[in-house]
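What follows is model.cif (mmCIF, C-alpha atoms and all ligand atoms).
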data_target
#
loop_
_atom_site.label_atom_id
_atom_site.label_comp_id
_atom_site.auth_asym_id
_atom_site.auth_seq_id
_atom_site.Cartn_x
_atom_site.Cartn_y
_atom_site.Cartn_z
CA MET A 1483 0.00 0.00 0.00
CA LYS A 1484 1.19 3.37 -0.90
CA THR A 1485 1.91 5.62 2.02
CA LEU A 1486 0.65 9.20 2.00
CA PRO A 1487 3.28 11.92 1.82
CA LYS A 1488 4.30 13.20 5.22
CA PHE A 1489 2.89 16.67 4.65
CA PHE A 1490 -0.58 15.39 3.63
CA LEU A 1491 -2.13 15.33 7.13
CA PRO A 1492 -1.21 18.92 8.16
CA VAL A 1493 -2.43 20.20 4.77
CA LEU A 1494 -5.74 18.34 5.15
CA ILE A 1495 -6.28 19.75 8.68
CA LEU A 1496 -5.52 23.27 7.44
CA LEU A 1497 -7.91 22.89 4.51
CA VAL A 1498 -10.79 21.71 6.76
CA THR A 1499 -10.11 24.57 9.18
CA CYS A 1500 -10.22 27.11 6.36
CA MET A 1501 -13.49 25.67 5.01
CA CYS A 1502 -15.05 25.97 8.50
CA ALA A 1503 -13.82 29.49 8.89
CA CYS A 1504 -15.11 30.57 5.48
CA ASP A 1505 -18.51 29.02 6.02
CA CYS A 1506 -19.56 31.79 8.40
CA LYS A 1507 -21.99 34.13 6.65
CA ASN A 1508 -22.62 37.83 7.28
CA VAL A 1509 -19.29 38.48 8.87
CA PRO A 1510 -18.60 42.17 8.34
CA ALA A 1511 -15.46 42.98 6.40
CA PRO A 1512 -12.65 44.24 8.61
CA GLN A 1513 -12.49 48.01 8.71
CA PRO A 1514 -9.23 49.90 8.32
CA VAL A 1515 -8.03 51.28 11.62
CA HIS A 1516 -7.20 54.63 10.04
CA PRO A 1517 -9.59 55.82 7.32
CA ASP A 1518 -7.99 56.92 4.04
CA PRO A 1519 -7.01 60.59 4.20
CA VAL A 1520 -9.35 62.86 2.21
CA GLU A 1521 -7.79 64.11 -1.03
CA PRO A 1522 -7.15 67.88 -0.79
CA GLN A 1523 -9.55 69.80 -3.07
CA ASN A 1524 -8.18 72.48 -5.37
CA THR A 1525 -9.53 75.89 -4.40
CA VAL A 1526 -11.45 77.53 -7.23
CA ILE A 1527 -10.51 81.18 -7.80
CA SER A 1528 -13.46 83.15 -9.19
CA LEU A 1529 -13.12 86.34 -11.23
CA TYR A 1530 -16.14 88.56 -11.95
CA LEU A 1531 -16.05 90.79 -15.02
CA GLN A 1532 -18.18 93.93 -14.71
CA PRO A 1533 -18.77 95.75 -18.00
CA TYR A 1534 -19.70 99.43 -17.61
CA ASN A 1535 -21.87 101.83 -19.57
CA ASP A 1536 -22.21 100.82 -23.25
CA PHE A 1537 -19.44 98.24 -23.43
CA PRO A 1538 -20.56 96.08 -26.41
CA GLU A 1539 -22.18 92.77 -25.53
CA GLU A 1540 -20.55 90.83 -28.36
CA GLN A 1541 -17.07 92.06 -27.47
CA MET A 1542 -17.71 91.20 -23.82
CA ALA A 1543 -18.64 87.62 -24.75
CA HIS A 1544 -15.30 87.22 -26.56
CA VAL A 1545 -13.35 88.80 -23.72
CA HIS A 1546 -15.05 86.51 -21.20
CA GLN A 1547 -14.13 83.39 -23.16
CA ASP A 1548 -10.59 84.59 -23.91
CA VAL A 1549 -9.81 85.35 -20.26
CA GLN A 1550 -11.08 81.93 -19.16
CA ASN A 1551 -9.05 80.14 -21.85
CA CYS A 1552 -5.96 82.20 -21.12
CA LEU A 1553 -6.00 81.49 -17.36
CA ASP A 1554 -6.59 77.77 -17.99
CA THR A 1555 -3.66 77.60 -20.40
CA LEU A 1556 -1.28 79.93 -18.59
CA ILE A 1557 -1.69 78.46 -15.09
CA PRO A 1558 -3.08 74.91 -15.34
CA GLU A 1559 -1.86 74.29 -11.77
CA LEU A 1560 -4.72 76.47 -10.43
CA GLU A 1561 -8.45 76.36 -11.09
CA PHE A 1562 -10.15 79.54 -12.30
CA VAL A 1563 -13.76 80.31 -13.14
CA VAL A 1564 -14.57 83.59 -14.89
CA TYR A 1565 -18.08 85.06 -14.53
CA ARG A 1566 -19.69 88.04 -16.20
CA TYR A 1567 -22.16 90.55 -14.80
CA GLU A 1568 -24.68 92.60 -16.77
CA ASN A 1569 -23.64 96.12 -17.84
CA GLU A 1570 -23.93 98.87 -15.24
CA GLU A 1571 -23.69 102.67 -15.37
CA LEU A 1572 -20.67 104.13 -13.59
CA PRO A 1573 -21.48 106.81 -11.00
CA ASP A 1574 -20.74 110.44 -11.94
CA TYR A 1575 -18.09 110.89 -9.26
CA CYS A 1576 -15.75 108.52 -11.16
CA TRP A 1577 -15.75 110.93 -14.13
CA TYR A 1578 -12.84 113.41 -14.47
CA PRO A 1579 -14.18 116.37 -16.51
CA PRO A 1580 -10.84 118.18 -17.15
CA ARG A 1581 -9.66 115.26 -19.30
CA SER A 1582 -13.06 113.74 -20.18
CA ARG A 1583 -12.22 110.30 -18.85
CA TYR A 1584 -12.78 108.10 -15.83
CA ARG A 1585 -10.53 107.94 -12.80
CA ALA A 1586 -9.42 104.32 -12.32
CA ASP A 1587 -8.78 104.84 -8.59
CA SER A 1588 -12.37 106.06 -8.09
CA ILE A 1589 -13.69 103.00 -9.93
CA LEU A 1590 -11.65 100.66 -7.69
CA LEU A 1591 -13.16 102.30 -4.60
CA TYR A 1592 -16.66 102.14 -6.08
CA GLN A 1593 -16.26 98.41 -6.71
CA LEU A 1594 -14.91 97.79 -3.20
CA ARG A 1595 -17.96 99.52 -1.76
CA MET A 1596 -20.22 97.24 -3.82
CA ASP A 1597 -18.43 94.03 -2.82
CA ASP A 1598 -14.98 93.69 -1.31
CA GLU A 1599 -14.90 89.89 -1.13
CA LYS A 1600 -15.09 88.95 -4.81
CA TYR A 1601 -12.42 89.65 -7.42
CA ILE A 1602 -14.18 92.29 -9.54
CA MET A 1603 -12.68 93.54 -12.81
CA GLY A 1604 -14.35 96.63 -14.24
CA VAL A 1605 -14.32 96.70 -18.06
CA LEU A 1606 -14.75 99.91 -20.09
CA SER A 1607 -14.31 101.26 -23.58
CA GLU A 1608 -13.80 104.83 -22.28
CA ASP A 1609 -10.31 106.03 -21.29
CA ILE A 1610 -9.19 105.64 -17.66
CA SER A 1611 -6.44 107.42 -15.72
CA VAL A 1612 -4.55 107.42 -12.43
CA THR A 1613 -2.06 109.68 -10.65
CA SER A 1614 1.35 108.25 -11.48
CA ASP A 1615 4.58 109.55 -9.89
CA ASN A 1616 4.45 113.31 -10.57
CA ILE A 1617 1.75 113.18 -13.22
CA LYS A 1618 -1.65 114.07 -11.84
CA ASP A 1619 -3.72 112.37 -14.51
CA TRP A 1620 -2.02 109.65 -16.53
CA GLY A 1621 -3.97 107.50 -19.02
CA VAL A 1622 -3.60 103.75 -18.49
CA LEU A 1623 -4.75 100.44 -19.95
CA GLY A 1624 -5.53 99.00 -16.55
CA PHE A 1625 -5.13 99.47 -12.84
CA GLY A 1626 -5.47 96.95 -10.02
CA LEU A 1627 -4.77 96.57 -6.32
CA GLN A 1628 -1.80 94.41 -5.45
CA PRO A 1629 -2.96 92.42 -3.64
CA GLY A 1630 -6.67 93.15 -3.52
CA THR A 1631 -10.01 92.31 -5.07
CA SER A 1632 -10.58 95.33 -7.31
CA ALA A 1633 -9.20 96.17 -10.76
CA VAL A 1634 -10.31 98.05 -13.87
CA VAL A 1635 -9.28 97.86 -17.53
CA SER A 1636 -10.11 99.81 -20.68
CA THR A 1637 -9.95 98.96 -24.38
CA PHE A 1638 -9.36 102.66 -25.19
CA ARG A 1639 -5.54 102.40 -25.54
CA VAL A 1640 -5.42 98.83 -26.91
CA LYS A 1641 -4.71 98.87 -30.66
CA ASN A 1642 -5.40 95.18 -31.29
CA LYS A 1643 -8.65 94.63 -29.42
CA SER A 1644 -8.36 90.83 -29.76
CA LEU A 1645 -5.43 91.00 -27.30
CA PHE A 1646 -7.38 92.98 -24.69
CA TYR A 1647 -7.82 89.86 -22.53
CA LYS A 1648 -4.08 90.03 -21.74
CA VAL A 1649 -4.58 93.36 -19.97
CA ILE A 1650 -7.27 91.72 -17.80
CA VAL A 1651 -5.04 88.76 -16.96
CA HIS A 1652 -2.16 91.14 -16.05
CA GLU A 1653 -4.33 93.18 -13.65
CA PHE A 1654 -5.95 90.07 -12.17
CA LEU A 1655 -2.50 88.61 -11.40
CA HIS A 1656 -1.67 91.89 -9.60
CA ASN A 1657 -4.85 91.32 -7.55
CA LEU A 1658 -3.56 87.86 -6.65
CA GLY A 1659 -0.42 89.54 -5.32
CA LEU A 1660 1.99 89.18 -8.24
CA ASP A 1661 4.37 92.07 -8.93
CA HIS A 1662 5.83 93.08 -12.30
CA CYS A 1663 8.24 90.62 -13.90
CA SER A 1664 11.61 90.81 -12.11
CA GLN A 1665 13.22 89.30 -15.24
CA ASN A 1666 11.84 92.09 -17.45
CA ASP A 1667 10.99 89.26 -19.83
CA ARG A 1668 8.94 90.76 -22.69
CA SER A 1669 7.28 87.42 -23.35
CA CYS A 1670 5.93 87.41 -19.77
CA TYR A 1671 2.39 88.61 -19.02
CA MET A 1672 3.70 90.52 -16.00
CA CYS A 1673 6.34 92.51 -17.90
CA ASP A 1674 5.97 96.25 -17.25
CA ALA A 1675 8.41 97.36 -19.96
CA ASP A 1676 8.45 101.05 -19.01
CA LYS A 1677 4.66 101.18 -18.98
CA ARG A 1678 4.48 100.45 -22.71
CA PRO A 1679 3.32 96.84 -22.85
CA ARG A 1680 3.69 94.98 -26.14
CA LEU A 1681 0.70 92.71 -25.84
CA GLU A 1682 1.58 90.74 -28.99
CA LEU A 1683 4.88 89.65 -27.39
CA GLU A 1684 3.30 88.40 -24.17
CA VAL A 1685 2.78 84.66 -24.52
CA GLN A 1686 3.65 83.12 -21.15
CA LEU A 1687 4.07 83.59 -17.45
CA CYS A 1688 7.85 83.26 -17.11
CA PRO A 1689 9.11 80.53 -14.72
CA VAL A 1690 10.06 83.08 -12.05
CA CYS A 1691 6.59 84.75 -12.07
CA LYS A 1692 4.87 81.34 -12.24
CA ALA A 1693 6.78 80.06 -9.20
CA GLU A 1694 6.01 83.24 -7.29
CA LEU A 1695 2.28 83.05 -8.11
CA LEU A 1696 2.06 79.41 -7.00
CA ARG A 1697 3.86 80.33 -3.77
CA LEU A 1698 1.38 83.17 -3.16
CA MET A 1699 -1.57 80.83 -3.79
CA GLU A 1700 -0.35 78.08 -1.40
ZN ZN B 1801 1.14 96.07 -14.00
ZN ZN B 1802 7.87 87.10 -15.45
#
Just give me the structure as structure tokens.
Amino acid sequence: MKTLPKFFLPVLILLVTCMCACDCKNVPAPQPVHPDPVEPQNTVISLYLQPYNDFPEEQMAHVHQDVQNCLDTLIPELEFVVYRYENEELPDYCWYPPRSRYRADSILLYQLRMDDEKYIMGVLSEDISVTSDNIKDWGVLGFGLQPGTSAVVSTFRVKNKSLFYKVIVHEFLHNLGLDHCSQNDRSCYMCDADKRPRLELEVQLCPVCKAELLRLME
């Protein structure tokens, strides 16, 4: 008669034990002692565009889309949502009669009084101005707090209107705390270039500005 291999009996006992153990129904699955940590959610940064007076609806629709696309492409590490309000009339006190244009600083204050928690970007086709160094009333493309929640931009001085969205992105990045490009890189959206921006050359946020923005947004 053949003898069974020596290891047969222990294996058989183990098998029967396992079958008994697995026969129990409705045994709850063991729970992890420490639950999985919750994945950190990306914070959404919302920007609200506020067209003023007779700013054309069709142009505003393009600007809205262009700003959203630009932020998504330029800074994919952060999540942005761009909203658009209906047109509003600017109050008379923002008007500067001696030069027949609006004061950008007055518009910033007006917006802060309306809502100082949302990032609001006023959008105009009329000229805007600020006091700059020794010049009492200096025409500008845009003006924004740095950091802050209020900014204003105008198409008045922008030759190629299809690039106007770049002015909005520049002022919005000031609002988020970003200064002018320390590299003076003309391809960078934050380049000041002696206050004469060449919008057609601005195609990126240079690595130094990008790193600084991400640090500010941590
Ligand atoms: Zn600037
Ligand atoms: Zn830069």
Selection as JSON, numbers by chain: residues within 7 Å of ligand ZN 1801 (chain B) by all atoms listed in the file: {"A": [1652, 1653, 1656, 1662, 1672, 1674]}
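Here atom CA of Val1612 of chain A is placed at a distance of 22.1 Å from atom CA of Tyr1530 of chain A.
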Between A:Pro1579, A:Pro1573, A:Gly1630, A:Pro1689, which has the minimum distance to ligand ZN 1802 (chain B) (counting all atoms listed in the file)?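 Of the candidates, the smallest distance to ligand ZN 1802 (chain B) is held by A:Pro1689.
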Distance criterion (all atoms listed in the file): nearest to Leu1696 of chain A out of A:Val1634, A:Met1542, A:Ile1557, A:Leu1531: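 So, comparing all the options, the nearest one is A:Ile1557.
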May I ask you to write as JSON, numbers by chain all residues lying at most 12 Å from ligand ZN 1802 (chain B), with only C-alpha atoms and all ligand atoms counted? {"A": [1652, 1655, 1660, 1661, 1662, 1663, 1664, 1665, 1666, 1667, 1668, 1669, 1670, 1671, 1672, 1673, 1674, 1675, 1684, 1685, 1686, 1687, 1688, 1689, 1690, 1691, 1692, 1693, 1694, 1695]}
Restricting the calculation to all atoms listed in the file: of A:Arg1639, A:Arg1678, A:Lys1648, A:Arg1697, which residue gets closest to Val1549 of chain A?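 Selected residue with least distance to Val1549 of chain A: A:Lys1648.
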Distance of atom CA of Asp1574 of chain A from atom CA of Ile1610 of chain A, expressed in Å to one decimal place: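 Going from atom CA of Ile1610 of chain A over to atom CA of Asp1574 of chain A, I get 13.8 Å.
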Pairwise distance for atom CA of Phe1646 of chain A and atom CA of Val1545 of chain A, rounded to one decimal in Å: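 Taking atom CA of Phe1646 of chain A and atom CA of Val1545 of chain A, their separation equals 7.4 Å.
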I'd like the contact shell of Val1635 of chain A - 10 Å cut-off, only C-alpha atoms, skipping same-chain residues fewer than 6 positions apart - returned as a PDB file with C-alpha atoms, in the coordinates of the input.
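File written: selection.pdb
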ATOM      1  CA  PRO A1533     -18.770  95.750 -18.000  1.00  0.00           C
ATOM      2  CA  ALA A1586      -9.420 104.320 -12.320  1.00  0.00           C
ATOM      3  CA  MET A1603     -12.680  93.540 -12.810  1.00  0.00           C
ATOM      4  CA  GLY A1604     -14.350  96.630 -14.240  1.00  0.00           C
ATOM      5  CA  VAL A1605     -14.320  96.700 -18.060  1.00  0.00           C
ATOM      6  CA  LEU A1606     -14.750  99.910 -20.090  1.00  0.00           C
ATOM      7  CA  SER A1607     -14.310 101.260 -23.580  1.00  0.00           C
ATOM      8  CA  GLU A1608     -13.800 104.830 -22.280  1.00  0.00           C
ATOM      9  CA  ASP A1609     -10.310 106.030 -21.290  1.00  0.00           C
ATOM     10  CA  ILE A1610      -9.190 105.640 -17.660  1.00  0.00           C
ATOM     11  CA  VAL A1622      -3.600 103.750 -18.490  1.00  0.00           C
ATOM     12  CA  LEU A1623      -4.750 100.440 -19.950  1.00  0.00           C
ATOM     13  CA  GLY A1624      -5.530  99.000 -16.550  1.00  0.00           C
ATOM     14  CA  PHE A1625      -5.130  99.470 -12.840  1.00  0.00           C
ATOM     15  CA  GLY A1626      -5.470  96.950 -10.020  1.00  0.00           C
ATOM     16  CA  PHE A1646      -7.380  92.980 -24.690  1.00  0.00           C
ATOM     17  CA  TYR A1647      -7.820  89.860 -22.530  1.00  0.00           C
ATOM     18  CA  VAL A1649      -4.580  93.360 -19.970  1.00  0.00           C
ATOM     19  CA  ILE A1650      -7.270  91.720 -17.800  1.00  0.00           C
ATOM     20  CA  HIS A1652      -2.160  91.140 -16.050  1.00  0.00           C
ATOM     21  CA  GLU A1653      -4.330  93.180 -13.650  1.00  0.00           C
TER      22      GLU A1653
END
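Close contacts of Cys1576 of chain A, defined as residues with an atom at most 12 Å away when counting only C-alpha atoms, with chain neighbours fewer than 5 positions off set aside, comprise Tyr1534, Glu1571, Ser1582, Arg1583, Tyr1584, Arg1585, Ala1586, Asp1587, Ser1588, Ile1589, Leu1590, Leu1591, Tyr1592, Gln1593, Glu1608, Asp1609, Ile1610, Ser1611 and Val1612 of chain A.
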Name all residues at most 7 Å from Glu1561 of chain A (count only C-alpha atoms; drop same-chain ones fewer than 4 positions away) and give them as JSON, numbers by chain. {"A": [1524, 1525, 1526, 1527]}
Let me know the centre plus edge lengths, in Å and rounded to one decimal, of a box with edges along x, y and z that contains all listed atoms of segment 1614-1626 of chain A and is padded by 4 Å on every side, as AutoDock Vina command-line options.
--center_x -0.5 --center_y 105.5 --center_z -14.9 --size_x 18.1 --size_y 25.1 --size_z 18.1
Which residue, A:Ala1633, A:Leu1698, A:Leu1658, A:Leu1645, has the smallest gap to Glu1682 of chain A when you use all atoms listed in the file? A:Leu1645
With distances taken over all atoms listed in the file, which residue among A:Met1596, A:Asn1616, A:Asn1569, A:Leu1681 lies nearest Asn1642 of chain A?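 Counting all atoms listed in the file, the residue closest to Asn1642 of chain A is A:Leu1681.
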Atoms are missing here; could segment 1629-1658 of chain A be completed with N, CA and C atoms and written as a CSV table (one decimal), in the coordinates of the input?
chain,number,residue,atom,x,y,z
A,1629,PRO,N,-1.8,93.3,-3.3
A,1629,PRO,CA,-3.0,92.4,-3.6
A,1629,PRO,C,-4.3,93.1,-3.3
A,1630,GLY,N,-5.4,92.6,-3.8
A,1630,GLY,CA,-6.7,93.2,-3.5
A,1630,GLY,C,-7.7,92.5,-4.4
A,1631,THR,N,-8.9,93.0,-4.3
A,1631,THR,CA,-10.0,92.3,-5.1
A,1631,THR,C,-10.6,93.2,-6.1
A,1632,SER,N,-10.0,94.4,-6.4
A,1632,SER,CA,-10.6,95.3,-7.3
A,1632,SER,C,-9.6,95.7,-8.4
A,1633,ALA,N,-10.0,95.7,-9.6
A,1633,ALA,CA,-9.2,96.2,-10.8
A,1633,ALA,C,-10.1,96.7,-11.8
A,1634,VAL,N,-9.5,97.5,-12.8
A,1634,VAL,CA,-10.3,98.0,-13.9
A,1634,VAL,C,-9.4,98.1,-15.1
A,1635,VAL,N,-10.0,97.9,-16.3
A,1635,VAL,CA,-9.3,97.9,-17.5
A,1635,VAL,C,-10.1,98.6,-18.6
A,1636,SER,N,-9.4,99.1,-19.6
A,1636,SER,CA,-10.1,99.8,-20.7
A,1636,SER,C,-9.5,99.4,-22.0
A,1637,THR,N,-10.4,99.3,-23.0
A,1637,THR,CA,-10.0,99.0,-24.4
A,1637,THR,C,-9.4,100.2,-25.1
A,1638,PHE,N,-9.6,101.4,-24.5
A,1638,PHE,CA,-9.4,102.7,-25.2
A,1638,PHE,C,-8.0,102.7,-25.8
A,1639,ARG,N,-6.9,102.3,-25.1
A,1639,ARG,CA,-5.5,102.4,-25.5
A,1639,ARG,C,-5.0,101.1,-26.2
A,1640,VAL,N,-5.9,100.1,-26.4
A,1640,VAL,CA,-5.4,98.8,-26.9
A,1640,VAL,C,-5.7,98.8,-28.4
A,1641,LYS,N,-4.6,98.8,-29.2
A,1641,LYS,CA,-4.7,98.9,-30.7
A,1641,LYS,C,-5.4,97.6,-31.2
A,1642,ASN,N,-4.8,96.4,-30.8
A,1642,ASN,CA,-5.4,95.2,-31.3
A,1642,ASN,C,-6.4,94.7,-30.2
A,1643,LYS,N,-7.7,94.9,-30.5
A,1643,LYS,CA,-8.6,94.6,-29.4
A,1643,LYS,C,-8.7,93.1,-29.1
A,1644,SER,N,-8.3,92.3,-30.0
A,1644,SER,CA,-8.4,90.8,-29.8
A,1644,SER,C,-7.4,90.4,-28.7
A,1645,LEU,N,-6.4,91.3,-28.3
A,1645,LEU,CA,-5.4,91.0,-27.3
A,1645,LEU,C,-5.8,91.6,-25.9
A,1646,PHE,N,-7.0,92.3,-25.9
A,1646,PHE,CA,-7.4,93.0,-24.7
A,1646,PHE,C,-7.4,92.1,-23.4
A,1647,TYR,N,-7.7,90.8,-23.6
A,1647,TYR,CA,-7.8,89.9,-22.5
A,1647,TYR,C,-6.5,89.8,-21.7
A,1648,LYS,N,-5.4,90.1,-22.4
A,1648,LYS,CA,-4.1,90.0,-21.7
A,1648,LYS,C,-3.9,91.1,-20.7
A,1649,VAL,N,-4.6,92.3,-20.9
A,1649,VAL,CA,-4.6,93.4,-20.0
A,1649,VAL,C,-5.3,92.9,-18.7
A,1650,ILE,N,-6.5,92.2,-18.9
A,1650,ILE,CA,-7.3,91.7,-17.8
A,1650,ILE,C,-6.5,90.7,-17.0
A,1651,VAL,N,-5.8,89.8,-17.7
A,1651,VAL,CA,-5.0,88.8,-17.0
A,1651,VAL,C,-3.9,89.4,-16.1
A,1652,HIS,N,-3.2,90.4,-16.7
A,1652,HIS,CA,-2.2,91.1,-16.0
A,1652,HIS,C,-2.7,91.8,-14.8
A,1653,GLU,N,-3.8,92.5,-14.8
A,1653,GLU,CA,-4.3,93.2,-13.6
A,1653,GLU,C,-4.8,92.2,-12.6
A,1654,PHE,N,-5.4,91.1,-13.1
A,1654,PHE,CA,-6.0,90.1,-12.2
A,1654,PHE,C,-4.8,89.4,-11.4
A,1655,LEU,N,-3.7,89.2,-12.1
A,1655,LEU,CA,-2.5,88.6,-11.4
A,1655,LEU,C,-1.9,89.6,-10.4
A,1656,HIS,N,-2.0,90.9,-10.6
A,1656,HIS,CA,-1.7,91.9,-9.6
A,1656,HIS,C,-2.6,91.7,-8.4
A,1657,ASN,N,-3.9,91.5,-8.7
A,1657,ASN,CA,-4.8,91.3,-7.6
A,1657,ASN,C,-4.5,90.1,-6.7
A,1658,LEU,N,-4.0,89.1,-7.4
A,1658,LEU,CA,-3.6,87.9,-6.6
A,1658,LEU,C,-2.2,88.1,-5.9
